[in-house]
Every structure is written in structure tokens, then in C-alpha cells.
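Before any comments, here is the structure.
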Amino acid sequence: MGILSRLLKGTPKKQPVSVNDANFHAEVTRSELPVVLDFWGESCPPCKQLEPVIMALAAEFDGRVKVAECNVATAQKICARYNIMSTPTVLYIRGGEVVERVSGFRGSLYHREIIENELLVEA
């Protein structure tokens, strides 16, 4: 999509994969692609602010990175496993291992740099 198209239509959006306790292993641990996993809460204003950033990242890195979201209310086991104490928290996972962790709201450039510098580099 050209720059003019983006200016007229806005940033392309793609729905992240929804992750919960039941599908976590299949969607994250066994993923062949690196994973960006956004932990969010229903009544969290910074989470709502981060949502369009996550959707834009899902569109931009489609096919190279799996972008997923996890509602903390429906995934207590995952939250305990990764010691999620606040929302939003974003984990960057490559080969089943967390390579970076970010808590709080950060803009798209910040997340894009982590993806390019931590997830898409040859290990």
C-alpha cells in the first residue's frame, strides 16, 4: 500500500490472535514465528490506547511475526507463569523464550524497533 493510500485510508489493521489458557501452547509456545503477546485488561485506558498500535503491528508484520493478545481476566495461568502484574504488558517471544518485556503504553515506533532488533534477527 502506498503512502498516499495510507494517508487517505489510515493505517492498515489486522486482528491479533486471541490467546487464552486453553490455546496458549499451540498459539505461542509452538509458534514457528516469533510472537508479540499483548496482555490487556477490560478497564485499562492505556490498553485501549495500545490497541490500534497492536493491530497496526499485526498488519505490518503479517507473515513474519505472530501478534497475539491475551485478556488477563480469562488467562490466570498464563499471567501467573509470566508474572504479569500490570496492564498493558507486552512480551516478545522467540523460540518459546521471552526476549523482551515492556510494561505500560509505548508508541508504535518503540514496538517496531524491538520487533526488528530482537525478534527478526538471526539467533
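A note on labels: chains of the C-alpha cells are A, B, ... as shown, every chain counts residues from 1, and ligands are counted from 1 in their shown order.
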I'd like the neighbourhood of Ile84 in chain A as a PDB file with all heavy atoms, in the first residue's frame, where a residue qualifies if any of its atoms comes within 12 Å (using only C-alpha atoms), though same-chain residues fewer than 5 positions away should be ignored.
```
ATOM      1  N   LEU A  37       3.101 -10.694  22.253  1.00  0.00           N
ATOM      2  CA  LEU A  37       1.923 -11.044  23.053  1.00  0.00           C
ATOM      3  C   LEU A  37       1.553  -9.882  23.965  1.00  0.00           C
ATOM      4  O   LEU A  37       2.293  -9.527  24.880  1.00  0.00           O
ATOM      5  CB  LEU A  37       2.205 -12.306  23.874  1.00  0.00           C
ATOM      6  CG  LEU A  37       1.092 -12.825  24.759  1.00  0.00           C
ATOM      7  CD1 LEU A  37      -0.191 -13.076  23.976  1.00  0.00           C
ATOM      8  CD2 LEU A  37       1.536 -14.085  25.485  1.00  0.00           C
ATOM      9  N   ASP A  38       0.398  -9.285  23.699  1.00  0.00           N
ATOM     10  CA  ASP A  38      -0.114  -8.135  24.447  1.00  0.00           C
ATOM     11  C   ASP A  38      -1.086  -8.609  25.525  1.00  0.00           C
ATOM     12  O   ASP A  38      -2.125  -9.188  25.211  1.00  0.00           O
ATOM     13  CB  ASP A  38      -0.820  -7.188  23.466  1.00  0.00           C
ATOM     14  CG  ASP A  38      -1.576  -6.065  24.148  1.00  0.00           C
ATOM     15  OD1 ASP A  38      -1.134  -5.611  25.221  1.00  0.00           O
ATOM     16  OD2 ASP A  38      -2.613  -5.636  23.605  1.00  0.00           O
ATOM     17  N   PHE A  39      -0.753  -8.366  26.789  1.00  0.00           N
ATOM     18  CA  PHE A  39      -1.644  -8.657  27.909  1.00  0.00           C
ATOM     19  C   PHE A  39      -2.414  -7.384  28.215  1.00  0.00           C
ATOM     20  O   PHE A  39      -1.809  -6.329  28.447  1.00  0.00           O
ATOM     21  CB  PHE A  39      -0.849  -9.088  29.148  1.00  0.00           C
ATOM     22  CG  PHE A  39      -0.248 -10.449  29.020  1.00  0.00           C
ATOM     23  CD1 PHE A  39       1.009 -10.625  28.487  1.00  0.00           C
ATOM     24  CD2 PHE A  39      -0.954 -11.571  29.450  1.00  0.00           C
ATOM     25  CE1 PHE A  39       1.571 -11.883  28.364  1.00  0.00           C
ATOM     26  CE2 PHE A  39      -0.406 -12.832  29.336  1.00  0.00           C
ATOM     27  CZ  PHE A  39       0.858 -12.993  28.791  1.00  0.00           C
ATOM     28  N   TRP A  40      -3.746  -7.483  28.209  1.00  0.00           N
ATOM     29  CA  TRP A  40      -4.591  -6.312  28.394  1.00  0.00           C
ATOM     30  C   TRP A  40      -5.716  -6.596  29.373  1.00  0.00           C
ATOM     31  O   TRP A  40      -6.031  -7.749  29.662  1.00  0.00           O
ATOM     32  CB  TRP A  40      -5.161  -5.839  27.062  1.00  0.00           C
ATOM     33  CG  TRP A  40      -6.058  -6.855  26.399  1.00  0.00           C
ATOM     34  CD1 TRP A  40      -5.676  -7.930  25.661  1.00  0.00           C
ATOM     35  CD2 TRP A  40      -7.479  -6.900  26.460  1.00  0.00           C
ATOM     36  NE1 TRP A  40      -6.768  -8.638  25.238  1.00  0.00           N
ATOM     37  CE2 TRP A  40      -7.895  -8.035  25.721  1.00  0.00           C
ATOM     38  CE3 TRP A  40      -8.440  -6.109  27.062  1.00  0.00           C
ATOM     39  CZ2 TRP A  40      -9.236  -8.378  25.571  1.00  0.00           C
ATOM     40  CZ3 TRP A  40      -9.776  -6.446  26.911  1.00  0.00           C
ATOM     41  CH2 TRP A  40     -10.154  -7.569  26.159  1.00  0.00           C
ATOM     42  N   GLY A  41      -6.310  -5.522  29.892  1.00  0.00           N
ATOM     43  CA  GLY A  41      -7.446  -5.626  30.801  1.00  0.00           C
ATOM     44  C   GLY A  41      -8.606  -4.781  30.293  1.00  0.00           C
ATOM     45  O   GLY A  41      -8.401  -3.753  29.646  1.00  0.00           O
ATOM     46  N   CYS A  70      -3.956 -11.173  24.884  1.00  0.00           N
ATOM     47  CA  CYS A  70      -4.422 -12.039  25.963  1.00  0.00           C
ATOM     48  C   CYS A  70      -5.141 -11.192  27.005  1.00  0.00           C
ATOM     49  O   CYS A  70      -4.533 -10.307  27.624  1.00  0.00           O
ATOM     50  CB  CYS A  70      -3.218 -12.754  26.580  1.00  0.00           C
ATOM     51  SG  CYS A  70      -3.656 -13.905  27.880  1.00  0.00           S
ATOM     52  N   ASN A  71      -6.426 -11.452  27.193  1.00  0.00           N
ATOM     53  CA  ASN A  71      -7.216 -10.769  28.213  1.00  0.00           C
ATOM     54  C   ASN A  71      -6.843 -11.388  29.565  1.00  0.00           C
ATOM     55  O   ASN A  71      -7.045 -12.582  29.777  1.00  0.00           O
ATOM     56  CB  ASN A  71      -8.706 -10.938  27.924  1.00  0.00           C
ATOM     57  CG  ASN A  71      -9.581 -10.210  28.903  1.00  0.00           C
ATOM     58  OD1 ASN A  71      -9.177  -9.852  30.002  1.00  0.00           O
ATOM     59  ND2 ASN A  71     -10.823  -9.996  28.506  1.00  0.00           N
ATOM     60  N   VAL A  72      -6.310 -10.572  30.467  1.00  0.00           N
ATOM     61  CA  VAL A  72      -5.833 -11.105  31.748  1.00  0.00           C
ATOM     62  C   VAL A  72      -6.959 -11.741  32.570  1.00  0.00           C
ATOM     63  O   VAL A  72      -6.696 -12.627  33.383  1.00  0.00           O
ATOM     64  CB  VAL A  72      -5.093 -10.034  32.577  1.00  0.00           C
ATOM     65  CG1 VAL A  72      -3.827  -9.594  31.873  1.00  0.00           C
ATOM     66  CG2 VAL A  72      -5.979  -8.841  32.879  1.00  0.00           C
ATOM     67  N   ALA A  73      -8.191 -11.329  32.341  1.00  0.00           N
ATOM     68  CA  ALA A  73      -9.321 -11.889  33.095  1.00  0.00           C
ATOM     69  C   ALA A  73      -9.617 -13.333  32.708  1.00  0.00           C
ATOM     70  O   ALA A  73     -10.225 -14.065  33.481  1.00  0.00           O
ATOM     71  CB  ALA A  73     -10.567 -11.028  32.892  1.00  0.00           C
ATOM     72  N   ALA A  75      -7.156 -15.553  31.556  1.00  0.00           N
ATOM     73  CA  ALA A  75      -5.917 -16.323  31.406  1.00  0.00           C
ATOM     74  C   ALA A  75      -5.040 -16.245  32.657  1.00  0.00           C
ATOM     75  O   ALA A  75      -3.886 -15.854  32.595  1.00  0.00           O
ATOM     76  CB  ALA A  75      -5.162 -15.832  30.185  1.00  0.00           C
ATOM     77  N   GLN A  76      -5.603 -16.653  33.785  1.00  0.00           N
ATOM     78  CA  GLN A  76      -4.854 -16.558  35.033  1.00  0.00           C
ATOM     79  C   GLN A  76      -3.583 -17.411  35.046  1.00  0.00           C
ATOM     80  O   GLN A  76      -2.562 -17.011  35.605  1.00  0.00           O
ATOM     81  CB  GLN A  76      -5.738 -16.950  36.234  1.00  0.00           C
ATOM     82  CG  GLN A  76      -6.747 -15.892  36.606  1.00  0.00           C
ATOM     83  CD  GLN A  76      -8.037 -16.012  35.814  1.00  0.00           C
ATOM     84  OE1 GLN A  76      -8.369 -17.061  35.284  1.00  0.00           O
ATOM     85  NE2 GLN A  76      -8.770 -14.921  35.716  1.00  0.00           N
ATOM     86  N   LYS A  77      -3.606 -18.580  34.412  1.00  0.00           N
ATOM     87  CA  LYS A  77      -2.423 -19.444  34.388  1.00  0.00           C
ATOM     88  C   LYS A  77      -1.276 -18.799  33.620  1.00  0.00           C
ATOM     89  O   LYS A  77      -0.126 -18.821  34.061  1.00  0.00           O
ATOM     90  CB  LYS A  77      -2.760 -20.804  33.773  1.00  0.00           C
ATOM     91  CG  LYS A  77      -3.647 -21.665  34.641  1.00  0.00           C
ATOM     92  CD  LYS A  77      -3.953 -22.975  33.948  1.00  0.00           C
ATOM     93  CE  LYS A  77      -4.945 -23.782  34.753  1.00  0.00           C
ATOM     94  NZ  LYS A  77      -5.330 -25.032  34.065  1.00  0.00           N
ATOM     95  N   ILE A  78      -1.587 -18.225  32.463  1.00  0.00           N
ATOM     96  CA  ILE A  78      -0.553 -17.566  31.662  1.00  0.00           C
ATOM     97  C   ILE A  78       0.000 -16.358  32.422  1.00  0.00           C
ATOM     98  O   ILE A  78       1.212 -16.140  32.459  1.00  0.00           O
ATOM     99  CB  ILE A  78      -1.105 -17.106  30.299  1.00  0.00           C
ATOM    100  CG1 ILE A  78      -1.623 -18.298  29.500  1.00  0.00           C
ATOM    101  CG2 ILE A  78      -0.033 -16.378  29.498  1.00  0.00           C
ATOM    102  CD1 ILE A  78      -2.422 -17.890  28.280  1.00  0.00           C
ATOM    103  N   CYS A  79      -0.887 -15.584  33.027  1.00  0.00           N
ATOM    104  CA  CYS A  79      -0.453 -14.402  33.782  1.00  0.00           C
ATOM    105  C   CYS A  79       0.462 -14.795  34.939  1.00  0.00           C
ATOM    106  O   CYS A  79       1.472 -14.131  35.183  1.00  0.00           O
ATOM    107  CB  CYS A  79      -1.662 -13.631  34.295  1.00  0.00           C
ATOM    108  SG  CYS A  79      -2.595 -12.833  32.976  1.00  0.00           S
ATOM    109  N   THR A  89       1.011  -5.139  29.322  1.00  0.00           N
ATOM    110  CA  THR A  89       2.355  -5.703  29.308  1.00  0.00           C
ATOM    111  C   THR A  89       2.489  -6.454  27.993  1.00  0.00           C
ATOM    112  O   THR A  89       1.606  -7.218  27.630  1.00  0.00           O
ATOM    113  CB  THR A  89       2.596  -6.659  30.495  1.00  0.00           C
ATOM    114  OG1 THR A  89       2.553  -5.904  31.707  1.00  0.00           O
ATOM    115  CG2 THR A  89       3.947  -7.356  30.380  1.00  0.00           C
ATOM    116  N   VAL A  90       3.577  -6.214  27.288  1.00  0.00           N
ATOM    117  CA  VAL A  90       3.814  -6.868  26.010  1.00  0.00           C
ATOM    118  C   VAL A  90       5.074  -7.718  26.128  1.00  0.00           C
ATOM    119  O   VAL A  90       6.120  -7.231  26.562  1.00  0.00           O
ATOM    120  CB  VAL A  90       3.981  -5.839  24.867  1.00  0.00           C
ATOM    121  CG1 VAL A  90       4.215  -6.544  23.542  1.00  0.00           C
ATOM    122  CG2 VAL A  90       2.750  -4.929  24.785  1.00  0.00           C
ATOM    123  N   LEU A  91       4.934  -8.998  25.775  1.00  0.00           N
ATOM    124  CA  LEU A  91       6.072  -9.912  25.743  1.00  0.00           C
ATOM    125  C   LEU A  91       6.461 -10.158  24.301  1.00  0.00           C
ATOM    126  O   LEU A  91       5.603 -10.321  23.434  1.00  0.00           O
ATOM    127  CB  LEU A  91       5.721 -11.247  26.404  1.00  0.00           C
ATOM    128  CG  LEU A  91       5.274 -11.224  27.861  1.00  0.00           C
ATOM    129  CD1 LEU A  91       5.024 -12.651  28.346  1.00  0.00           C
ATOM    130  CD2 LEU A  91       6.279 -10.524  28.745  1.00  0.00           C
ATOM    131  N   ARG A 101      10.457  -7.589  27.363  1.00  0.00           N
ATOM    132  CA  ARG A 101       9.206  -7.377  28.093  1.00  0.00           C
ATOM    133  C   ARG A 101       9.033  -5.874  28.274  1.00  0.00           C
ATOM    134  O   ARG A 101       9.958  -5.190  28.692  1.00  0.00           O
ATOM    135  CB  ARG A 101       9.309  -8.077  29.441  1.00  0.00           C
ATOM    136  CG  ARG A 101       8.145  -7.872  30.343  1.00  0.00           C
ATOM    137  CD  ARG A 101       8.467  -8.461  31.737  1.00  0.00           C
ATOM    138  NE  ARG A 101       7.294  -8.463  32.548  1.00  0.00           N
ATOM    139  CZ  ARG A 101       6.637  -9.552  32.915  1.00  0.00           C
ATOM    140  NH1 ARG A 101       7.064 -10.738  32.550  1.00  0.00           N
ATOM    141  NH2 ARG A 101       5.563  -9.459  33.643  1.00  0.00           N
ATOM    142  N   VAL A 102       7.836  -5.370  27.968  1.00  0.00           N
ATOM    143  CA  VAL A 102       7.547  -3.946  28.095  1.00  0.00           C
ATOM    144  C   VAL A 102       6.234  -3.789  28.845  1.00  0.00           C
ATOM    145  O   VAL A 102       5.229  -4.380  28.460  1.00  0.00           O
ATOM    146  CB  VAL A 102       7.435  -3.269  26.704  1.00  0.00           C
ATOM    147  CG1 VAL A 102       7.034  -1.814  26.847  1.00  0.00           C
ATOM    148  CG2 VAL A 102       8.728  -3.413  25.934  1.00  0.00           C
ATOM    149  N   SER A 103       6.252  -2.979  29.906  1.00  0.00           N
ATOM    150  CA  SER A 103       5.029  -2.683  30.654  1.00  0.00           C
ATOM    151  C   SER A 103       4.656  -1.230  30.436  1.00  0.00           C
ATOM    152  O   SER A 103       5.527  -0.363  30.336  1.00  0.00           O
ATOM    153  CB  SER A 103       5.228  -2.942  32.145  1.00  0.00           C
ATOM    154  OG  SER A 103       5.413  -4.315  32.379  1.00  0.00           O
ATOM    155  N   GLY A 104       3.360  -0.977  30.336  1.00  0.00           N
ATOM    156  CA  GLY A 104       2.878   0.370  30.110  1.00  0.00           C
ATOM    157  C   GLY A 104       2.765   0.678  28.628  1.00  0.00           C
ATOM    158  O   GLY A 104       3.191  -0.101  27.782  1.00  0.00           O
TER     159      GLY A 104
END
```
Using only C-alpha atoms, determine which residues lie at most 12 Å from Thr29 in chain A, disregarding the query and same-chain residues fewer than 6 positions distant; provide the list as an mmCIF file with all heavy atoms, in the first residue's frame.
```cif
data_model
loop_
_atom_site.group_PDB
_atom_site.id
_atom_site.type_symbol
_atom_site.label_atom_id
_atom_site.label_comp_id
_atom_site.auth_asym_id
_atom_site.auth_seq_id
_atom_site.Cartn_x
_atom_site.Cartn_y
_atom_site.Cartn_z
ATOM 1 N N VAL A 19 -5.444 -15.197 22.543
ATOM 2 C CA VAL A 19 -4.794 -16.278 23.286
ATOM 3 C C VAL A 19 -5.421 -16.376 24.671
ATOM 4 O O VAL A 19 -5.710 -15.372 25.307
ATOM 5 C CB VAL A 19 -3.274 -16.015 23.398
ATOM 6 C CG1 VAL A 19 -2.602 -17.024 24.295
ATOM 7 C CG2 VAL A 19 -2.633 -16.011 22.029
ATOM 8 N N ASP A 21 -5.791 -19.494 28.256
ATOM 9 C CA ASP A 21 -5.134 -20.651 28.887
ATOM 10 C C ASP A 21 -5.246 -21.909 28.029
ATOM 11 O O ASP A 21 -4.332 -22.720 27.998
ATOM 12 C CB ASP A 21 -5.725 -20.914 30.276
ATOM 13 C CG ASP A 21 -5.260 -19.895 31.321
ATOM 14 O OD1 ASP A 21 -4.176 -19.302 31.131
ATOM 15 O OD2 ASP A 21 -5.975 -19.708 32.316
ATOM 16 N N ASN A 23 -5.506 -22.273 24.593
ATOM 17 C CA ASN A 23 -4.790 -22.346 23.316
ATOM 18 C C ASN A 23 -3.377 -21.765 23.357
ATOM 19 O O ASN A 23 -2.712 -21.672 22.330
ATOM 20 C CB ASN A 23 -5.601 -21.674 22.209
ATOM 21 C CG ASN A 23 -5.686 -20.175 22.350
ATOM 22 O OD1 ASN A 23 -5.224 -19.594 23.320
ATOM 23 N ND2 ASN A 23 -6.308 -19.537 21.380
ATOM 24 N N VAL A 35 6.652 -14.190 18.379
ATOM 25 C CA VAL A 35 5.333 -13.753 18.853
ATOM 26 C C VAL A 35 5.452 -12.460 19.652
ATOM 27 O O VAL A 35 6.332 -12.319 20.498
ATOM 28 C CB VAL A 35 4.687 -14.840 19.745
ATOM 29 C CG1 VAL A 35 3.337 -14.375 20.278
ATOM 30 C CG2 VAL A 35 4.546 -16.150 18.988
ATOM 31 N N VAL A 36 4.548 -11.532 19.360
ATOM 32 C CA VAL A 36 4.341 -10.340 20.185
ATOM 33 C C VAL A 36 3.040 -10.612 20.927
ATOM 34 O O VAL A 36 1.995 -10.775 20.300
ATOM 35 C CB VAL A 36 4.225 -9.063 19.334
ATOM 36 C CG1 VAL A 36 3.872 -7.870 20.207
ATOM 37 C CG2 VAL A 36 5.502 -8.819 18.555
ATOM 38 N N LEU A 37 3.101 -10.694 22.253
ATOM 39 C CA LEU A 37 1.923 -11.044 23.053
ATOM 40 C C LEU A 37 1.553 -9.882 23.965
ATOM 41 O O LEU A 37 2.293 -9.527 24.880
ATOM 42 C CB LEU A 37 2.205 -12.306 23.874
ATOM 43 C CG LEU A 37 1.092 -12.825 24.759
ATOM 44 C CD1 LEU A 37 -0.191 -13.076 23.976
ATOM 45 C CD2 LEU A 37 1.536 -14.085 25.485
ATOM 46 N N LYS A 66 3.906 -13.304 14.611
ATOM 47 C CA LYS A 66 2.524 -13.516 15.060
ATOM 48 C C LYS A 66 2.242 -12.512 16.171
ATOM 49 O O LYS A 66 2.973 -12.451 17.161
ATOM 50 C CB LYS A 66 2.337 -14.927 15.602
ATOM 51 C CG LYS A 66 0.908 -15.201 16.064
ATOM 52 C CD LYS A 66 0.750 -16.570 16.685
ATOM 53 C CE LYS A 66 0.737 -17.633 15.620
ATOM 54 N NZ LYS A 66 0.376 -18.958 16.156
ATOM 55 N N ILE A 78 -1.587 -18.225 32.463
ATOM 56 C CA ILE A 78 -0.553 -17.566 31.662
ATOM 57 C C ILE A 78 0.000 -16.358 32.422
ATOM 58 O O ILE A 78 1.212 -16.140 32.459
ATOM 59 C CB ILE A 78 -1.105 -17.106 30.299
ATOM 60 C CG1 ILE A 78 -1.623 -18.298 29.500
ATOM 61 C CG2 ILE A 78 -0.033 -16.378 29.498
ATOM 62 C CD1 ILE A 78 -2.422 -17.890 28.280
ATOM 63 N N TYR A 92 7.750 -10.230 24.061
ATOM 64 C CA TYR A 92 8.308 -10.546 22.749
ATOM 65 C C TYR A 92 8.963 -11.913 22.887
ATOM 66 O O TYR A 92 9.912 -12.070 23.657
ATOM 67 C CB TYR A 92 9.330 -9.487 22.333
ATOM 68 C CG TYR A 92 8.696 -8.121 22.257
ATOM 69 C CD1 TYR A 92 8.573 -7.331 23.391
ATOM 70 C CD2 TYR A 92 8.177 -7.647 21.070
ATOM 71 C CE1 TYR A 92 7.958 -6.098 23.333
ATOM 72 C CE2 TYR A 92 7.557 -6.418 20.998
ATOM 73 C CZ TYR A 92 7.457 -5.647 22.144
ATOM 74 O OH TYR A 92 6.833 -4.422 22.082
ATOM 75 N N ILE A 93 8.434 -12.896 22.164
ATOM 76 C CA ILE A 93 8.825 -14.294 22.362
ATOM 77 C C ILE A 93 9.388 -14.853 21.061
ATOM 78 O O ILE A 93 8.765 -14.761 20.006
ATOM 79 C CB ILE A 93 7.604 -15.115 22.830
ATOM 80 C CG1 ILE A 93 7.041 -14.508 24.119
ATOM 81 C CG2 ILE A 93 7.958 -16.585 22.991
ATOM 82 C CD1 ILE A 93 5.677 -15.023 24.529
ATOM 83 N N ARG A 94 10.567 -15.447 21.157
ATOM 84 C CA ARG A 94 11.198 -16.099 20.004
ATOM 85 C C ARG A 94 11.627 -17.487 20.459
ATOM 86 O O ARG A 94 12.291 -17.640 21.477
ATOM 87 C CB ARG A 94 12.408 -15.298 19.510
ATOM 88 C CG ARG A 94 13.040 -15.900 18.260
ATOM 89 C CD ARG A 94 14.207 -15.097 17.730
ATOM 90 N NE ARG A 94 15.243 -15.013 18.737
ATOM 91 C CZ ARG A 94 15.882 -13.892 19.083
ATOM 92 N NH1 ARG A 94 15.587 -12.759 18.506
ATOM 93 N NH2 ARG A 94 16.807 -13.911 20.003
ATOM 94 N N GLY A 95 11.214 -18.510 19.709
ATOM 95 C CA GLY A 95 11.574 -19.882 20.058
ATOM 96 C C GLY A 95 11.031 -20.303 21.407
ATOM 97 O O GLY A 95 11.649 -21.106 22.105
ATOM 98 N N GLY A 96 9.893 -19.770 21.799
ATOM 99 C CA GLY A 96 9.275 -20.124 23.071
ATOM 100 C C GLY A 96 9.861 -19.396 24.278
ATOM 101 O O GLY A 96 9.393 -19.568 25.392
ATOM 102 N N GLU A 97 10.872 -18.541 24.063
ATOM 103 C CA GLU A 97 11.529 -17.820 25.156
ATOM 104 C C GLU A 97 11.259 -16.317 25.057
ATOM 105 O O GLU A 97 11.303 -15.741 23.963
ATOM 106 C CB GLU A 97 13.044 -18.049 25.117
ATOM 107 C CG GLU A 97 13.455 -19.497 25.281
ATOM 108 C CD GLU A 97 13.122 -20.055 26.651
ATOM 109 O OE1 GLU A 97 13.254 -19.311 27.649
ATOM 110 O OE2 GLU A 97 12.713 -21.224 26.724
ATOM 111 N N VAL A 98 11.022 -15.692 26.195
ATOM 112 C CA VAL A 98 10.811 -14.247 26.224
ATOM 113 C C VAL A 98 12.162 -13.558 26.021
ATOM 114 O O VAL A 98 13.103 -13.804 26.771
ATOM 115 C CB VAL A 98 10.180 -13.795 27.563
ATOM 116 C CG1 VAL A 98 10.065 -12.284 27.621
ATOM 117 C CG2 VAL A 98 8.818 -14.439 27.760
#
```
When DSSP is applied to the backbone of this structure, which of range 69-106 of chain A are assigned strand (DSSP E)? Write them out as a ChimeraX atom specification. /A:69-71,89-94,97-103
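Shortest atom-to-atom contact with Glu51 in chain A among A:Ser31, A:Val121, A:Val17, A:Glu69: A:Glu69, counting only C-alpha atoms.
Shortest atom-to-atom contact with Ala59 in chain A among A:Ala80, A:Phe105, A:Pro16, A:Phe24: A:Pro16, counting only C-alpha atoms.
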For Lys14 in chain A, which residue among A:Leu57, A:Leu120, A:Leu33, A:Leu50 is the nearest when counting only C-alpha atoms?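 Closest to Lys14 in chain A of all the choices is A:Leu57.
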Atom-to-atom span, CA of Phe61 in chain A and CA of Glu32 in chain A, Å: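 Separating CA of Phe61 in chain A from CA of Glu32 in chain A is a distance of 14.2 Å.
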